[in-house]
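Below is the file data_5.csv, which contains CSV, C-alpha atoms.
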```
chain,number,residue,atom,x,y,z
A,1,MET,CA,-38.7,37.3,5.1
A,2,LYS,CA,-37.6,37.5,1.5
A,3,ASN,CA,-34.3,39.1,2.5
A,4,SER,CA,-33.7,36.4,5.1
A,5,ARG,CA,-34.1,33.7,2.5
A,6,ILE,CA,-31.6,35.4,0.2
A,7,VAL,CA,-29.1,35.6,3.1
A,8,LEU,CA,-29.6,31.9,3.9
A,9,ILE,CA,-29.1,30.9,0.3
A,10,PHE,CA,-26.0,33.0,0.1
A,11,CYS,CA,-24.5,31.5,3.3
A,12,PHE,CA,-25.3,28.0,2.0
A,13,SER,CA,-23.6,28.7,-1.3
A,14,ILE,CA,-20.5,29.9,0.6
A,15,MET,CA,-20.4,26.8,2.8
A,16,MET,CA,-20.8,24.5,-0.2
A,17,SER,CA,-17.7,26.1,-1.9
A,18,PHE,CA,-15.5,24.7,0.9
A,19,PRO,CA,-14.5,21.1,1.5
A,20,VAL,CA,-16.9,18.8,3.4
A,21,PHE,CA,-15.0,19.6,6.6
A,22,SER,CA,-11.5,20.2,7.7
A,23,ASP,CA,-10.0,18.3,10.5
A,24,ASP,CA,-7.1,16.4,11.9
A,25,PHE,CA,-7.0,12.6,11.2
A,26,ASN,CA,-4.5,9.8,11.8
A,27,ILE,CA,-3.6,7.3,9.2
A,28,GLY,CA,-2.4,3.8,10.2
A,29,VAL,CA,0.5,2.8,8.0
A,30,GLU,CA,2.8,-0.2,7.9
A,31,GLY,CA,6.0,0.1,9.9
A,32,ILE,CA,8.2,-1.6,7.3
A,33,ASP,CA,10.7,-0.3,4.7
A,34,TYR,CA,8.7,-0.4,1.5
A,35,TYR,CA,10.5,2.4,-0.2
A,36,PRO,CA,10.0,4.1,-2.7
A,37,ILE,CA,6.3,3.5,-2.0
A,38,TYR,CA,6.5,4.1,1.7
A,39,ALA,CA,8.9,3.8,4.6
A,40,LYS,CA,9.9,5.4,7.9
A,41,ARG,CA,13.0,7.4,7.2
A,42,ASP,CA,14.8,9.5,9.9
A,43,GLY,CA,11.7,9.1,12.1
A,44,LEU,CA,9.3,10.3,9.4
A,45,TYR,CA,6.8,8.4,7.2
A,46,SER,CA,8.0,9.1,3.6
A,47,GLY,CA,7.8,8.0,0.0
A,48,TYR,CA,5.2,8.1,-2.8
A,49,ALA,CA,2.2,7.3,-0.6
A,50,ARG,CA,2.9,10.1,1.8
A,51,ALA,CA,3.4,12.6,-1.1
A,52,VAL,CA,0.0,11.7,-2.6
A,53,LEU,CA,-1.8,11.8,0.8
A,54,ASP,CA,-0.2,15.0,1.9
A,55,ALA,CA,-1.1,16.7,-1.5
A,56,PHE,CA,-4.7,15.7,-0.9
A,57,ALA,CA,-4.7,16.9,2.7
A,58,GLU,CA,-3.2,20.2,1.7
A,59,LYS,CA,-5.8,20.7,-1.0
A,60,GLU,CA,-8.7,19.9,1.4
A,61,GLY,CA,-7.4,21.7,4.4
A,62,HIS,CA,-6.9,18.5,6.5
A,63,LYS,CA,-4.0,17.5,8.7
A,64,PHE,CA,-2.8,13.9,8.5
A,65,THR,CA,-0.7,12.3,11.3
A,66,TYR,CA,0.9,8.9,10.3
A,67,LYS,CA,0.9,6.2,12.9
A,68,THR,CA,3.3,3.4,11.9
A,69,LEU,CA,2.5,-0.1,13.3
A,70,PRO,CA,3.5,-3.7,12.6
A,71,ILE,CA,1.2,-5.2,9.9
A,72,LYS,CA,-0.8,-7.5,12.1
A,73,ARG,CA,-1.2,-4.9,14.8
A,74,LEU,CA,-2.2,-2.3,12.3
A,75,PHE,CA,-5.1,-4.5,11.0
A,76,LYS,CA,-6.3,-5.1,14.6
A,77,GLY,CA,-6.0,-1.4,15.5
A,78,PHE,CA,-7.9,-0.4,12.4
A,79,ILE,CA,-10.8,-2.7,13.2
A,80,LYS,CA,-10.9,-1.5,16.8
A,81,GLY,CA,-11.0,2.1,15.7
A,82,ASP,CA,-7.6,3.1,16.9
A,83,VAL,CA,-6.8,4.8,13.6
A,84,ASP,CA,-9.1,6.8,11.3
A,85,PHE,CA,-7.7,5.4,8.0
A,86,LYS,CA,-5.5,2.6,6.9
A,87,PHE,CA,-3.0,2.6,4.1
A,88,PRO,CA,-2.4,0.5,2.2
A,89,ASP,CA,-5.4,-1.7,2.2
A,90,ASN,CA,-7.3,-4.0,-0.2
A,91,PRO,CA,-10.7,-5.7,0.0
A,92,TYR,CA,-9.0,-9.1,-0.2
A,93,TRP,CA,-6.8,-8.6,2.8
A,94,GLN,CA,-7.8,-10.0,6.1
A,95,LYS,CA,-11.4,-10.6,5.0
A,96,ASN,CA,-12.3,-12.6,8.1
A,97,LEU,CA,-11.0,-9.9,10.4
A,98,LYS,CA,-13.1,-7.3,8.6
A,99,GLN,CA,-16.3,-9.3,8.5
A,100,GLY,CA,-19.2,-7.3,9.8
A,101,LYS,CA,-17.4,-4.0,9.5
A,102,ASN,CA,-18.4,-1.5,6.9
A,103,VAL,CA,-15.0,-0.8,5.5
A,104,VAL,CA,-15.0,1.8,2.7
A,105,TYR,CA,-12.1,1.8,0.2
A,106,SER,CA,-10.8,4.6,-2.0
A,107,ASP,CA,-10.1,4.2,-5.7
A,108,SER,CA,-6.6,2.8,-6.6
A,109,VAL,CA,-3.7,4.9,-5.2
A,110,LEU,CA,-1.2,2.6,-6.9
A,111,GLU,CA,-1.2,-0.6,-8.9
A,112,TYR,CA,1.3,-3.2,-7.8
A,113,ILE,CA,2.7,-6.6,-8.7
A,114,ASP,CA,3.8,-9.1,-6.1
A,115,GLY,CA,5.9,-11.8,-7.5
A,116,VAL,CA,8.9,-14.0,-7.0
A,117,ILE,CA,12.5,-12.7,-7.4
A,118,VAL,CA,15.2,-15.2,-8.0
A,119,LYS,CA,18.8,-15.5,-9.2
A,120,PRO,CA,19.0,-14.7,-12.9
A,121,LYS,CA,20.1,-18.3,-13.8
A,122,PHE,CA,16.8,-19.6,-12.5
A,123,ILE,CA,14.6,-17.4,-14.7
A,124,SER,CA,11.8,-19.5,-16.5
A,125,LYS,CA,12.9,-22.7,-14.7
A,126,GLY,CA,9.4,-23.3,-13.5
A,127,LYS,CA,7.5,-23.4,-10.1
A,128,ASP,CA,8.7,-26.9,-9.3
A,129,ARG,CA,12.2,-25.7,-8.3
A,130,LEU,CA,10.7,-23.5,-5.6
A,131,LYS,CA,11.0,-25.8,-2.6
A,132,THR,CA,11.2,-22.9,-0.1
A,133,LEU,CA,9.7,-19.5,-0.7
A,134,GLY,CA,10.5,-16.5,1.4
A,135,THR,CA,8.1,-13.6,2.2
A,136,LEU,CA,7.9,-10.8,4.7
A,137,ARG,CA,6.2,-11.7,8.0
A,138,GLY,CA,2.5,-10.8,7.8
A,139,PHE,CA,2.3,-11.0,4.0
A,140,THR,CA,0.4,-13.7,2.1
A,141,PRO,CA,1.8,-15.3,-1.1
A,142,TRP,CA,-1.7,-15.8,-2.6
A,143,GLU,CA,-0.6,-17.6,-5.7
A,144,TYR,CA,1.3,-20.2,-3.7
A,145,LEU,CA,-1.2,-21.0,-0.9
A,146,ASP,CA,-2.3,-24.3,-2.4
A,147,ASP,CA,1.4,-25.5,-2.8
A,148,ILE,CA,2.1,-24.5,0.8
A,149,SER,CA,-1.0,-26.3,2.0
A,150,ALA,CA,-0.1,-29.4,0.0
A,151,LYS,CA,3.4,-29.2,1.6
A,152,THR,CA,5.1,-29.3,-1.8
A,153,MET,CA,6.5,-25.9,-0.9
A,154,LYS,CA,7.7,-24.5,2.5
A,155,LEU,CA,7.1,-20.9,3.5
A,156,LYS,CA,9.9,-19.0,5.3
A,157,GLU,CA,8.9,-15.7,6.8
A,158,GLY,CA,11.5,-12.9,7.4
A,159,SER,CA,11.4,-9.6,9.1
A,160,SER,CA,13.2,-7.6,6.4
A,161,LEU,CA,13.7,-7.6,2.6
A,162,LYS,CA,17.5,-7.5,3.1
A,163,GLY,CA,17.4,-10.6,5.2
A,164,LEU,CA,15.3,-12.5,2.7
A,165,ILE,CA,17.6,-11.4,-0.2
A,166,GLN,CA,20.6,-12.7,1.7
A,167,MET,CA,18.9,-16.0,2.2
A,168,VAL,CA,18.3,-16.4,-1.5
A,169,GLN,CA,22.0,-15.4,-2.2
A,170,ALA,CA,23.1,-18.0,0.3
A,171,ASN,CA,20.8,-20.7,-1.2
A,172,ARG,CA,18.8,-21.0,2.0
A,173,ILE,CA,15.6,-20.3,0.1
A,174,ASP,CA,14.8,-20.5,-3.6
A,175,GLY,CA,13.1,-17.1,-4.1
A,176,VAL,CA,11.4,-14.2,-2.4
A,177,TYR,CA,7.7,-13.3,-2.9
A,178,PHE,CA,7.7,-9.5,-2.8
A,179,ASN,CA,6.5,-6.3,-4.3
A,180,VAL,CA,8.4,-6.0,-7.6
A,181,ILE,CA,8.7,-2.2,-7.5
A,182,VAL,CA,10.2,-2.2,-4.0
A,183,ALA,CA,12.5,-5.2,-4.6
A,184,LYS,CA,13.9,-3.6,-7.8
A,185,TYR,CA,14.5,-0.3,-6.1
A,186,PHE,CA,16.1,-1.9,-3.1
A,187,MET,CA,18.5,-4.0,-5.1
A,188,ALA,CA,19.6,-1.1,-7.2
A,189,ASN,CA,19.7,1.7,-4.6
A,190,THR,CA,20.2,0.2,-1.2
A,191,LEU,CA,22.3,-2.9,-2.0
A,192,SER,CA,23.9,-1.5,-5.2
A,193,GLN,CA,23.4,-5.0,-6.7
A,194,LYS,CA,21.1,-4.3,-9.6
A,195,ASP,CA,19.9,-7.4,-11.3
A,196,SER,CA,21.6,-9.8,-8.9
A,197,LEU,CA,18.1,-11.0,-8.2
A,198,VAL,CA,15.3,-10.4,-10.7
A,199,PHE,CA,11.5,-10.8,-11.1
A,200,ASP,CA,10.6,-14.0,-12.8
A,201,LYS,CA,7.4,-13.0,-14.6
A,202,SER,CA,6.9,-16.6,-15.9
A,203,LEU,CA,6.0,-17.7,-12.3
A,204,PRO,CA,2.6,-17.1,-10.8
A,205,HIS,CA,2.3,-13.5,-9.5
A,206,THR,CA,-0.4,-11.2,-8.2
A,207,ARG,CA,-1.6,-7.9,-9.7
A,208,GLY,CA,-3.6,-5.6,-7.4
A,209,ASP,CA,-4.1,-2.1,-6.1
A,210,TYR,CA,-3.3,-0.3,-3.0
A,211,HIS,CA,-6.3,1.7,-1.5
A,212,MET,CA,-6.9,3.9,1.5
A,213,SER,CA,-9.6,2.6,3.7
A,214,THR,CA,-11.8,3.8,6.6
A,215,ILE,CA,-14.7,2.7,8.8
A,216,LYS,CA,-15.3,6.1,10.3
A,217,TYR,CA,-15.1,8.7,7.5
A,218,PRO,CA,-16.5,7.6,4.1
A,219,LYS,CA,-17.1,11.2,3.0
A,220,ILE,CA,-13.3,11.8,3.2
A,221,ILE,CA,-12.9,8.8,0.9
A,222,ASP,CA,-15.3,10.4,-1.5
A,223,SER,CA,-13.3,13.6,-1.6
A,224,PHE,CA,-10.1,11.7,-1.9
A,225,ASN,CA,-11.5,9.9,-4.9
A,226,ARG,CA,-12.4,13.2,-6.5
A,227,PHE,CA,-8.8,14.4,-5.8
A,228,LEU,CA,-7.4,11.3,-7.6
A,229,THR,CA,-9.6,11.8,-10.6
A,230,GLU,CA,-9.1,15.6,-10.9
A,231,ASN,CA,-5.3,15.5,-10.3
A,232,LYS,CA,-4.0,12.7,-12.4
A,233,SER,CA,-1.1,14.7,-13.8
A,234,LEU,CA,0.0,15.6,-10.3
A,235,VAL,CA,-0.1,11.9,-9.2
A,236,GLU,CA,1.9,10.9,-12.3
A,237,SER,CA,4.5,13.5,-11.5
A,238,ILE,CA,4.8,12.1,-8.0
A,239,LYS,CA,5.3,8.6,-9.5
A,240,ALA,CA,8.1,9.9,-11.6
A,241,LYS,CA,9.8,11.6,-8.7
A,242,TYR,CA,9.8,8.4,-6.7
A,243,GLU,CA,10.7,6.2,-9.7
A,244,ILE,CA,7.4,4.4,-9.6
A,245,PRO,CA,6.6,2.7,-13.0
A,246,SER,CA,3.2,2.6,-14.4
A,247,PHE,CA,2.1,-0.9,-15.4
```

The structure in this file should be written as structure tokens.
Amino acid sequence: MKNSRIVLIFCFSIMMSFPVFSDDFNIGVEGIDYYPIYAKRDGLYSGYARAVLDAFAEKEGHKFTYKTLPIKRLFKGFIKGDVDFKFPDNPYWQKNLKQGKNVVYSDSVLEYIDGVIVKPKFISKGKDRLKTLGTLRGFTPWEYLDDISAKTMKLKEGSSLKGLIQMVQANRIDGVYFNVIVAKYFMANTLSQKDSLVFDKSLPHTRGDYHMSTIKYPKIIDSFNRFLTENKSLVESIKAKYEIPSF
């Protein structure tokens, strides 16, 4: 009996040295070009987010499959259980849709700023000049909802950042509410028009964090949080590779 106990203890110790469990999971991601944070390039999900998530999966012995969906459909699919995880997510997003669901969020994967980009000549000219504000379809310009509700500002939704930028350049809208990291990268690297539109930090803007979320697998979120804590230098090196600034 004593020997049996020793064997059981030994086997338990071996099991505890491995990850909680290894398995295949799918992660629902936004099917938009949000590079360098994330985008679908040449048919593959890529960018900073994938690099971090893949590094975690490799370390824990998991396999992640990325399922790209339109933003609104992704939220609905996540709630229905069509995907195991969602990235990015935030406790403030689609709160009504998530009501009654036990959504578990990871620690911050990336801090972000969403703000208004305008022509340089309009920097610090104030909010009153923003008569029409553009944003990507499915996104919420939180800091301007009261103005839009009061009809002192119109909201114009677009399907791409490029289209929204062109509308600002053609004076069809007064500014674009967007992720500052993505907009800056896009202007410099895709359009080769660095600083033709710039972030106006004097206007109301939103600071927040991108998280990974799940309803099904909270233990995986726990292990992901440990990964983020124990591998900060690796995460910082991935940020540098994808030209992601630290705020």

Which residues of segment 165-200 of chain A come within 12 Å of segment 204-225 of chain A, and for each one, what is the closest pair of atoms and their distance in Å to one decimal, counting only C-alpha atoms, sorted by chain and residue number, as CSV?
```
residue,atom,partner,partner_atom,distance
A:Val176,CA,A:His205,CA,11.6
A:Tyr177,CA,A:His205,CA,8.5
A:Phe178,CA,A:His205,CA,9.5
A:Asn179,CA,A:Thr206,CA,9.3
A:Val180,CA,A:His205,CA,9.9
A:Ile181,CA,A:Arg207,CA,12.0
A:Phe199,CA,A:His205,CA,9.7
A:Asp200,CA,A:Pro204,CA,8.8
```

Residues of the last selection are to be written out with C-alpha atoms, as a short mmCIF file (atom, residue, chain, number, x, y, z; two decimals), in the coordinates of the input.
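Output (part-v8.cif):
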```cif
data_model
loop_
_atom_site.label_atom_id
_atom_site.label_comp_id
_atom_site.auth_asym_id
_atom_site.auth_seq_id
_atom_site.Cartn_x
_atom_site.Cartn_y
_atom_site.Cartn_z
CA VAL A 176 11.40 -14.20 -2.40
CA TYR A 177 7.70 -13.30 -2.90
CA PHE A 178 7.70 -9.50 -2.80
CA ASN A 179 6.50 -6.30 -4.30
CA VAL A 180 8.40 -6.00 -7.60
CA ILE A 181 8.70 -2.20 -7.50
CA PHE A 199 11.50 -10.80 -11.10
CA ASP A 200 10.60 -14.00 -12.80
#
```

*Using all atoms listed in the file, pick whichever of A:Val182, A:Leu191, A:Leu44, A:Met167 has the shortest atom-to-atom distance to Gly115 of chain A.*
A:Val182

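Ranking A:Ile37, A:Arg226, A:Gly81, A:Lys131 by their shortest atom-to-atom distance to Glu111 of chain A, with all atoms listed in the file included, puts A:Ile37 first.
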
*atom CA of Ile173 of chain A to atom CA of Ala150 of chain A, straight-line distance in Å*: 18.1 Å

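Closest approach to Lys127 of chain A from the set A:Thr65, A:Gln166, A:Ser108, A:Thr152 is made by A:Thr152, with distances taken over only C-alpha atoms.
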
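Among the candidate residues A:Leu130, A:Ile27, A:Ala51, A:Val104, the one lying nearest to Lys241 of chain A is A:Ala51, with distances computed using only C-alpha atoms.
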
*What lies within 12 Å of segment 90-95 of chain A using all atoms listed in the file, ignoring chain neighbours under 2 positions off, as number ranges by chain?*
A: 71-72, 74-76, 78-79, 86-88, 97-112, 138-142, 206-214
